[in-house]
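The data block below is start-v3.txt; it holds compact mmCIF, C-alpha atoms.
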```txt
# COMPACT_ATOMS: atom_id res chain seq x y z
CA MET A 1 -23.85 -34.95 42.97
CA LEU A 2 -20.31 -35.83 43.90
CA ARG A 3 -19.57 -36.89 40.34
CA ALA A 4 -21.04 -33.65 38.96
CA ASP A 5 -19.00 -31.54 41.37
CA SER A 6 -15.84 -33.41 40.48
CA ARG A 7 -16.49 -32.81 36.79
CA VAL A 8 -17.00 -29.08 37.38
CA GLN A 9 -13.81 -28.89 39.41
CA ALA A 10 -11.90 -30.74 36.71
CA THR A 11 -13.24 -28.35 34.07
CA ASN A 12 -12.32 -25.29 36.16
CA ALA A 13 -8.86 -26.70 36.70
CA LEU A 14 -8.44 -27.19 32.96
CA LEU A 15 -9.46 -23.67 31.92
CA PRO A 16 -6.54 -21.81 33.56
CA SER A 17 -4.06 -24.16 31.90
CA VAL A 18 -5.66 -23.51 28.51
CA SER A 19 -5.55 -19.76 29.05
CA ARG A 20 -1.92 -19.99 30.08
CA ARG A 21 -1.13 -22.02 26.99
CA TYR A 22 -2.75 -19.54 24.59
CA PRO A 23 -2.20 -16.10 26.11
CA PHE A 24 -3.40 -12.98 24.33
CA PRO A 25 -1.25 -10.01 25.35
CA ALA A 26 -3.07 -6.85 26.26
CA LEU A 27 -3.30 -4.14 23.64
CA GLN A 28 -0.42 -1.69 23.58
CA LEU A 29 -1.11 2.04 23.62
CA ARG A 30 -0.01 2.40 19.99
CA GLU A 31 -2.34 -0.45 19.00
CA LYS A 32 -5.24 1.33 20.67
CA TYR A 33 -4.45 4.52 18.75
CA LEU A 34 -4.28 2.49 15.55
CA ILE A 35 -7.70 0.95 16.21
CA GLY A 36 -9.12 4.42 16.83
CA ALA A 37 -7.69 5.71 13.55
CA PHE A 38 -9.21 2.80 11.64
CA LEU A 39 -12.59 3.41 13.22
CA VAL A 40 -12.48 7.03 12.09
CA LEU A 41 -11.56 6.01 8.54
CA ALA A 42 -14.27 3.36 8.46
CA LEU A 43 -16.93 5.85 9.60
CA ALA A 44 -15.75 8.37 6.99
CA ALA A 45 -15.88 5.78 4.21
CA LEU A 46 -19.37 4.63 5.20
CA PHE A 47 -21.09 7.88 6.09
CA ALA A 48 -19.28 10.69 4.25
CA PRO A 49 -21.24 12.19 1.32
CA ALA A 50 -21.00 10.11 -1.81
CA LEU A 51 -18.94 11.32 -4.76
CA PRO A 52 -20.69 9.94 -7.86
CA ALA A 53 -18.14 8.54 -10.29
CA ALA A 54 -20.39 9.34 -13.25
CA GLY A 55 -20.29 13.05 -12.44
CA TRP A 56 -16.57 13.13 -11.75
CA HIS A 57 -14.37 14.72 -14.36
CA ILE A 58 -12.45 12.09 -16.31
CA PRO A 59 -8.86 13.38 -16.48
CA HIS A 60 -7.55 14.38 -19.86
CA PHE A 61 -3.95 13.30 -20.22
CA VAL A 62 -2.00 15.76 -22.30
CA ASP A 63 0.58 13.43 -23.87
CA MET A 64 -1.32 11.29 -26.37
CA ARG A 65 1.60 10.56 -28.68
CA SER A 66 2.13 7.04 -29.99
CA TRP A 67 5.48 5.27 -30.27
CA LEU A 68 6.14 2.00 -32.06
CA GLY A 69 2.40 1.49 -32.32
CA VAL A 70 1.78 1.99 -28.59
CA PRO A 71 -0.91 4.65 -27.98
CA ASN A 72 -0.26 7.16 -25.21
CA ALA A 73 3.24 5.71 -25.10
CA GLY A 74 4.63 7.95 -22.36
CA ASP A 75 1.91 7.12 -19.85
CA VAL A 76 1.79 3.44 -20.86
CA LEU A 77 5.48 2.57 -21.01
CA SER A 78 6.40 4.52 -17.87
CA ASN A 79 4.50 1.84 -15.96
CA LEU A 80 7.38 -0.52 -16.68
CA ALA A 81 9.14 1.23 -13.78
CA PHE A 82 6.63 -0.42 -11.42
CA LEU A 83 7.49 -3.80 -12.91
CA ALA A 84 11.24 -3.22 -12.57
CA LEU A 85 11.05 -2.10 -8.93
CA GLY A 86 8.56 -4.83 -8.06
CA VAL A 87 10.78 -7.57 -9.48
CA TRP A 88 13.88 -6.06 -7.87
CA GLY A 89 12.18 -5.90 -4.47
CA THR A 90 10.89 -9.46 -4.76
CA GLU A 91 14.41 -10.64 -5.53
CA ARG A 92 15.71 -8.83 -2.45
CA LEU A 93 13.10 -10.57 -0.28
CA ARG A 94 14.47 -13.97 -1.22
CA ARG A 95 17.65 -13.17 0.67
CA ARG A 96 15.95 -11.87 3.79
CA HIS A 97 14.03 -13.73 6.46
CA ASP A 98 13.39 -10.69 8.64
CA ALA A 99 11.40 -8.55 6.21
CA PRO A 100 8.48 -6.69 7.80
CA VAL A 101 4.89 -7.78 7.35
CA GLY A 102 3.46 -6.65 4.03
CA ALA A 103 6.75 -6.33 2.13
CA SER A 104 5.97 -9.16 -0.28
CA TRP A 105 2.49 -7.77 -0.98
CA PHE A 106 3.96 -4.32 -1.52
CA PHE A 107 6.16 -5.58 -4.35
CA VAL A 108 3.41 -7.79 -5.79
CA GLY A 109 1.19 -4.70 -5.81
CA LEU A 110 3.78 -2.79 -7.82
CA ILE A 111 3.80 -5.51 -10.48
CA LEU A 112 -0.01 -5.51 -10.57
CA THR A 113 0.02 -1.72 -10.82
CA CYS A 114 2.21 -1.97 -13.93
CA LEU A 115 -0.32 -4.29 -15.54
CA GLY A 116 -3.43 -2.41 -14.42
CA SER A 117 -2.21 1.11 -15.09
CA GLY A 118 -0.71 0.14 -18.44
CA PHE A 119 -4.03 -1.45 -19.44
CA TYR A 120 -5.93 1.69 -18.39
CA HIS A 121 -3.68 4.15 -20.20
CA LEU A 122 -3.93 2.26 -23.47
CA ASP A 123 -7.46 3.67 -23.63
CA PRO A 124 -8.08 6.12 -20.76
CA ASP A 125 -11.39 7.25 -22.25
CA MET A 126 -12.90 4.02 -20.90
CA PRO A 127 -13.41 4.73 -17.18
CA GLN A 128 -14.24 1.06 -16.56
CA ARG A 129 -10.53 0.33 -16.97
CA LEU A 130 -9.81 2.41 -13.88
CA VAL A 131 -10.85 -0.59 -11.78
CA ALA A 132 -7.83 -2.54 -13.01
CA ASP A 133 -5.59 0.45 -12.30
CA ARG A 134 -6.88 0.88 -8.76
CA LEU A 135 -6.80 -2.81 -7.82
CA GLY A 136 -3.03 -2.96 -8.20
CA MET A 137 -2.60 0.27 -6.29
CA ALA A 138 -4.80 -1.08 -3.47
CA VAL A 139 -2.58 -4.14 -3.05
CA ALA A 140 0.62 -2.08 -3.01
CA PHE A 141 -0.88 0.44 -0.59
CA ALA A 142 -2.05 -2.31 1.78
CA GLY A 143 1.44 -3.79 1.72
CA PHE A 144 3.05 -0.45 2.54
CA LEU A 145 0.71 0.22 5.47
CA GLY A 146 1.37 -3.30 6.71
CA ILE A 147 5.10 -2.50 6.64
CA ALA A 148 4.54 0.80 8.45
CA ALA A 149 2.39 -0.73 11.20
CA SER A 150 4.72 -3.68 11.81
CA GLU A 151 7.73 -1.35 11.96
CA ARG A 152 6.19 1.28 14.22
CA VAL A 153 3.59 -0.59 16.30
CA SER A 154 3.83 -4.40 16.42
CA VAL A 155 3.97 -7.45 14.18
CA ARG A 156 0.37 -8.36 14.91
CA ALA A 157 -0.68 -4.78 14.15
CA GLY A 158 1.08 -5.05 10.79
CA GLU A 159 -0.74 -8.30 10.03
CA ALA A 160 -4.11 -6.81 10.97
CA VAL A 161 -3.51 -3.61 8.99
CA LEU A 162 -2.40 -5.60 5.94
CA VAL A 163 -5.58 -7.70 5.92
CA LEU A 164 -7.94 -4.81 6.70
CA MET A 165 -6.43 -2.46 4.12
CA MET A 166 -6.31 -5.19 1.51
CA ILE A 167 -10.04 -5.85 1.93
CA ALA A 168 -10.95 -2.17 2.23
CA GLY A 169 -8.80 -1.14 -0.73
CA LEU A 170 -10.10 -3.82 -3.09
CA LEU A 171 -13.71 -3.10 -2.11
CA ALA A 172 -13.16 0.66 -2.47
CA ALA A 173 -11.60 0.18 -5.92
CA TRP A 174 -14.64 -1.81 -7.00
CA VAL A 175 -17.21 0.56 -5.45
CA ALA A 176 -15.41 3.54 -7.04
CA ARG A 177 -17.19 2.71 -10.28
CA GLU A 178 -20.22 4.46 -8.75
CA ASN A 179 -19.05 6.11 -5.53
CA LEU A 180 -15.53 7.53 -5.14
CA THR A 181 -15.78 8.36 -1.44
CA PRO A 182 -14.43 5.06 -0.06
CA TRP A 183 -11.50 5.20 -2.51
CA VAL A 184 -10.66 8.77 -1.48
CA VAL A 185 -10.75 7.75 2.19
CA VAL A 186 -8.53 4.72 1.56
CA GLN A 187 -6.00 6.70 -0.47
CA PHE A 188 -5.72 9.96 1.46
CA GLY A 189 -6.81 8.72 4.89
CA GLY A 190 -4.41 5.82 4.58
CA MET A 191 -1.58 8.16 3.63
CA ALA A 192 -2.37 10.37 6.63
CA LEU A 193 -2.11 7.25 8.77
CA ALA A 194 1.24 6.45 7.13
CA VAL A 195 2.53 9.94 7.95
CA GLY A 196 1.51 9.48 11.58
CA LEU A 197 3.33 6.15 11.74
CA ALA A 198 6.40 7.65 10.04
CA LEU A 199 6.58 10.25 12.83
CA THR A 200 6.55 7.48 15.45
CA ARG A 201 9.70 5.83 16.74
CA PRO A 202 10.41 2.34 15.35
CA ARG A 203 9.56 -0.47 17.75
CA PRO A 204 12.43 -2.47 19.28
CA GLY A 205 13.71 -5.04 16.81
CA ALA A 206 12.32 -3.29 13.75
CA LEU A 207 14.31 -3.36 10.52
CA GLY A 208 14.25 0.44 10.24
CA MET A 209 12.28 1.11 7.08
CA PRO A 210 12.63 4.78 5.99
CA LEU A 211 8.90 5.42 5.71
CA GLY A 212 9.46 9.13 5.17
CA GLY A 213 11.30 8.47 1.92
CA VAL A 214 8.36 6.49 0.55
CA ILE A 215 5.97 9.28 1.47
CA VAL A 216 8.17 11.94 -0.18
CA PHE A 217 8.12 10.08 -3.49
CA TYR A 218 4.34 9.63 -3.17
CA VAL A 219 3.82 13.37 -2.60
CA LEU A 220 6.04 14.16 -5.61
CA ALA A 221 3.95 11.78 -7.70
CA LYS A 222 0.79 13.64 -6.73
CA LEU A 223 2.37 16.99 -7.59
CA PHE A 224 3.49 15.66 -10.99
CA GLU A 225 -0.06 14.41 -11.59
CA LEU A 226 -1.52 17.84 -10.87
CA GLY A 227 1.05 19.51 -13.15
CA ASP A 228 0.51 17.22 -16.13
CA VAL A 229 -0.01 19.98 -18.70
CA THR A 230 2.33 22.51 -17.07
CA ILE A 231 5.28 20.11 -17.07
CA PHE A 232 4.54 19.01 -20.62
CA GLU A 233 4.72 22.63 -21.82
CA ALA A 234 7.72 23.52 -19.64
CA THR A 235 9.77 20.63 -21.03
CA GLY A 236 8.96 21.50 -24.63
CA HIS A 237 6.67 18.48 -24.97
CA LEU A 238 9.48 16.16 -23.90
CA VAL A 239 7.66 14.54 -21.00
CA SER A 240 4.30 15.02 -19.28
CA GLY A 241 3.58 15.35 -15.59
CA HIS A 242 1.60 12.12 -15.57
CA THR A 243 4.51 10.16 -17.00
CA LEU A 244 6.73 11.57 -14.26
CA LYS A 245 4.02 10.65 -11.76
CA HIS A 246 4.41 6.98 -12.67
CA LEU A 247 8.19 7.15 -12.40
CA SER A 248 8.09 8.92 -9.03
CA ALA A 249 5.47 6.54 -7.60
CA ALA A 250 7.59 3.56 -8.69
CA LEU A 251 10.70 5.08 -7.11
CA ALA A 252 8.81 5.11 -3.79
CA ALA A 253 9.88 1.47 -3.55
CA LEU A 254 13.58 2.42 -3.45
CA PRO A 255 13.69 3.23 0.31
CA VAL A 256 12.11 -0.17 1.07
CA ILE A 257 14.54 -1.98 -1.25
CA TRP A 258 17.45 -0.07 0.26
CA ALA A 259 16.42 -1.18 3.77
CA LEU A 260 16.36 -4.79 2.56
CA ARG A 261 19.95 -4.67 1.33
CA ASP A 262 22.48 -7.16 2.66
CA ARG A 263 24.28 -5.13 5.31
CA ARG A 264 27.02 -7.74 5.62
CA VAL A 265 28.10 -6.98 2.06
CA ASP A 266 28.16 -3.25 2.85
CA GLU A 267 30.31 -3.85 5.93
CA ARG A 268 32.84 -5.82 3.87
CA CYS A 269 33.07 -2.99 1.40
```
Mind turning the file's structure into structure tokens?
Amino acid sequence: MLRADSRVQATNALLPSVSRRYPFPALQLREKYLIGAFLVLALAALFAPALPAAGWHIPHFVDMRSWLGVPNAGDVLSNLAFLALGVWGTERLRRRHDAPVGASWFFVGLILTCLGSGFYHLDPDMPQRLVADRLGMAVAFAGFLGIAASERVSVRAGEAVLVLMMIAGLLAAWVARENLTPWVVVQFGGMALAVGLALTRPRPGALGMPLGGVIVFYVLAKLFELGDVTIFEATGHLVSGHTLKHLSAALAALPVIWALRDRRVDERC
């Protein structure tokens, strides 16, 4: 009995030291709000009425002109803007060791969006190609929300949001072949979450990403998308709204790249 008691006492004495060695800080108020928002989005994605992809209107893109043998050249080649901004941002990250969580995935997502969207617009009458388009967007969107959460809430919140949105976005892009509801929740619910984070003060030690600038370019991209035909006619068939959508969505990376600039060089100038 004495040996058993001594073993129990030794075990009890060891547990506090282990807990002190690996502490888990209590959840901050902002982290609790973030968890609540994710629960709402998850419930909406799982239980909201399904939007059958087969019955959804496949968008008709007005500018179908070819150039140098490239079909739908305006909508295809405008995706090169995603590639340019993605490569530029990746190059900026090499010089920084204090970039927020998700920044690298954000720029990788832009490069993947160039590939996926370009592949889709080569033959947009094949809705199966939309999966490739959405997969790249899901990666970029997860990266941006990871940036927003790490800048406005905490580093661990940014890491959690990055992983959760990456999984949710990729699954939603795949499920969207039959049910669009999860994709709609990820895209618009996630952007609503981004707006909420943009209206929150940056946490101490944050880099100071201008989240509002990213959101403005995203909203412009959506407006250009809705005005595809109108813009095409207004510009005398020079450029379509969907082409401008790609350019505006790519330019959403500029505020992030600007925040990653080398401030020491600016101070010298």
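Here the question is which of A:Leu260, A:Ala148, A:Ala249, A:Gly158 gets nearest to Thr113 (chain A) using all atoms listed in the file, and that residue is A:Ala249.
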| 9 Å contact set for Leu171 (chain A), all atoms listed in the file, chain neighbours under 4 positions out, as a list in words | Leu135, Met166, Ile167, Val175, Ala176, Pro182 and Trp183 of chain A
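The two atoms in question, CA of Val195 (chain A) and CA of Phe217 (chain A), are spaced 12.7 Å apart.
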| From the list A:Glu225, A:Asp133, A:Glu159, A:Glu233, which residue is nearest Leu145 (chain A) when using all atoms listed in the file? | A:Glu159
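Of the residues listed (A:Leu41, A:Val70, A:Ala250, A:Leu29), A:Ala250 shows the shortest atom-to-atom separation from Trp88 (chain A); distances use only C-alpha atoms.
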| request: Around the point (11.3, -3.8, 14.5) in the file's coordinates, collect all residues with an atom within 8 Å, using all atoms listed in the file, and return them as a ChimeraX atom specification. | output: /A:100,150-152,154,202-208
Generate a file for region 108-124 of chain A, containing all heavy atoms, as a tab-separated table (two decimals), in the first residue's frame.
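So the final result, stored in result_8.tsv, reads:
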```tsv
chain	number	residue	atom	x	y	z
A	108	VAL	N	0.13	31.53	-53.54
A	108	VAL	CA	0.04	30.25	-54.25
A	108	VAL	C	-1.34	30.08	-54.86
A	108	VAL	O	-1.50	29.62	-56.00
A	108	VAL	CB	0.36	29.08	-53.30
A	108	VAL	CG1	0.00	27.74	-53.95
A	108	VAL	CG2	1.83	29.08	-52.94
A	109	GLY	N	-2.37	30.48	-54.11
A	109	GLY	CA	-3.74	30.40	-54.62
A	109	GLY	C	-3.96	31.26	-55.85
A	109	GLY	O	-4.71	30.88	-56.76
A	110	LEU	N	-3.31	32.42	-55.90
A	110	LEU	CA	-3.43	33.27	-57.08
A	110	LEU	C	-2.84	32.58	-58.31
A	110	LEU	O	-3.42	32.63	-59.41
A	110	LEU	CB	-2.72	34.60	-56.85
A	110	LEU	CG	-3.33	35.54	-55.81
A	110	LEU	CD1	-2.49	36.80	-55.70
A	110	LEU	CD2	-4.77	35.88	-56.14
A	111	ILE	N	-1.70	31.93	-58.15
A	111	ILE	CA	-1.09	31.21	-59.26
A	111	ILE	C	-1.98	30.06	-59.71
A	111	ILE	O	-2.18	29.84	-60.92
A	111	ILE	CB	0.31	30.71	-58.86
A	111	ILE	CG1	1.23	31.90	-58.56
A	111	ILE	CG2	0.91	29.84	-59.96
A	111	ILE	CD1	2.57	31.52	-57.97
A	112	LEU	N	-2.54	29.34	-58.75
A	112	LEU	CA	-3.46	28.24	-59.09
A	112	LEU	C	-4.73	28.76	-59.74
A	112	LEU	O	-5.29	28.10	-60.63
A	112	LEU	CB	-3.80	27.45	-57.82
A	112	LEU	CG	-2.65	26.68	-57.17
A	112	LEU	CD1	-3.13	26.01	-55.88
A	112	LEU	CD2	-2.09	25.64	-58.13
A	113	THR	N	-5.18	29.94	-59.34
A	113	THR	CA	-6.36	30.53	-59.95
A	113	THR	C	-6.10	30.85	-61.42
A	113	THR	O	-6.98	30.67	-62.27
A	113	THR	CB	-6.78	31.80	-59.20
A	113	THR	OG1	-7.12	31.46	-57.85
A	113	THR	CG2	-7.99	32.46	-59.86
A	114	CYS	N	-4.91	31.35	-61.72
A	114	CYS	CA	-4.54	31.61	-63.12
A	114	CYS	C	-4.67	30.34	-63.94
A	114	CYS	O	-5.27	30.34	-65.03
A	114	CYS	CB	-3.12	32.15	-63.19
A	114	CYS	SG	-2.44	32.20	-64.86
A	115	LEU	N	-4.14	29.24	-63.43
A	115	LEU	CA	-4.19	27.97	-64.16
A	115	LEU	C	-5.61	27.44	-64.28
A	115	LEU	O	-6.06	27.05	-65.36
A	115	LEU	CB	-3.29	26.95	-63.47
A	115	LEU	CG	-1.80	27.31	-63.36
A	115	LEU	CD1	-1.06	26.26	-62.55
A	115	LEU	CD2	-1.19	27.46	-64.74
A	116	GLY	N	-6.33	27.44	-63.15
A	116	GLY	CA	-7.68	26.87	-63.15
A	116	GLY	C	-8.67	27.69	-63.93
A	116	GLY	O	-9.46	27.15	-64.72
A	117	SER	N	-8.65	29.01	-63.75
A	117	SER	CA	-9.59	29.87	-64.46
A	117	SER	C	-9.28	29.91	-65.95
A	117	SER	O	-10.19	29.93	-66.79
A	117	SER	CB	-9.55	31.28	-63.87
A	117	SER	OG	-10.48	32.12	-64.51
A	118	GLY	N	-7.99	29.95	-66.29
A	118	GLY	CA	-7.63	29.93	-67.71
A	118	GLY	C	-8.09	28.64	-68.37
A	118	GLY	O	-8.60	28.66	-69.51
A	119	PHE	N	-7.92	27.52	-67.69
A	119	PHE	CA	-8.37	26.22	-68.20
A	119	PHE	C	-9.88	26.21	-68.40
A	119	PHE	O	-10.39	25.73	-69.43
A	119	PHE	CB	-7.96	25.12	-67.23
A	119	PHE	CG	-8.48	23.76	-67.56
A	119	PHE	CD1	-8.01	23.06	-68.67
A	119	PHE	CD2	-9.45	23.16	-66.77
A	119	PHE	CE1	-8.50	21.79	-68.98
A	119	PHE	CE2	-9.94	21.91	-67.07
A	119	PHE	CZ	-9.47	21.22	-68.18
A	120	TYR	N	-10.62	26.78	-67.46
A	120	TYR	CA	-12.09	26.81	-67.55
A	120	TYR	C	-12.54	27.68	-68.72
A	120	TYR	O	-13.40	27.29	-69.51
A	120	TYR	CB	-12.68	27.32	-66.24
A	120	TYR	CG	-14.14	27.70	-66.34
A	120	TYR	CD1	-15.10	26.77	-66.66
A	120	TYR	CD2	-14.54	29.02	-66.14
A	120	TYR	CE1	-16.45	27.12	-66.76
A	120	TYR	CE2	-15.87	29.38	-66.23
A	120	TYR	CZ	-16.82	28.43	-66.55
A	120	TYR	OH	-18.13	28.78	-66.65
A	121	HIS	N	-11.96	28.85	-68.87
A	121	HIS	CA	-12.44	29.79	-69.88
A	121	HIS	C	-12.05	29.40	-71.30
A	121	HIS	O	-12.58	29.97	-72.26
A	121	HIS	CB	-11.97	31.21	-69.56
A	121	HIS	CG	-12.77	31.87	-68.48
A	121	HIS	ND1	-14.04	32.35	-68.69
A	121	HIS	CD2	-12.48	32.12	-67.17
A	121	HIS	CE1	-14.51	32.87	-67.57
A	121	HIS	NE2	-13.58	32.74	-66.64
A	122	LEU	N	-11.14	28.45	-71.43
A	122	LEU	CA	-10.86	27.94	-72.78
A	122	LEU	C	-12.09	27.26	-73.36
A	122	LEU	O	-12.30	27.27	-74.58
A	122	LEU	CB	-9.69	26.95	-72.73
A	122	LEU	CG	-8.30	27.56	-72.58
A	122	LEU	CD1	-7.27	26.47	-72.34
A	122	LEU	CD2	-7.92	28.38	-73.83
A	123	ASP	N	-12.91	26.68	-72.48
A	123	ASP	CA	-14.15	26.03	-72.92
A	123	ASP	C	-15.17	26.10	-71.80
A	123	ASP	O	-15.42	25.13	-71.10
A	123	ASP	CB	-13.89	24.57	-73.30
A	123	ASP	CG	-15.10	23.93	-73.99
A	123	ASP	OD1	-16.13	24.62	-74.15
A	123	ASP	OD2	-15.00	22.75	-74.35
A	124	PRO	N	-15.77	27.29	-71.58
A	124	PRO	CA	-16.68	27.48	-70.45
A	124	PRO	C	-18.00	26.73	-70.57
A	124	PRO	O	-18.77	26.71	-69.61
A	124	PRO	CB	-16.91	29.00	-70.44
A	124	PRO	CG	-16.67	29.42	-71.85
A	124	PRO	CD	-15.59	28.52	-72.36
```
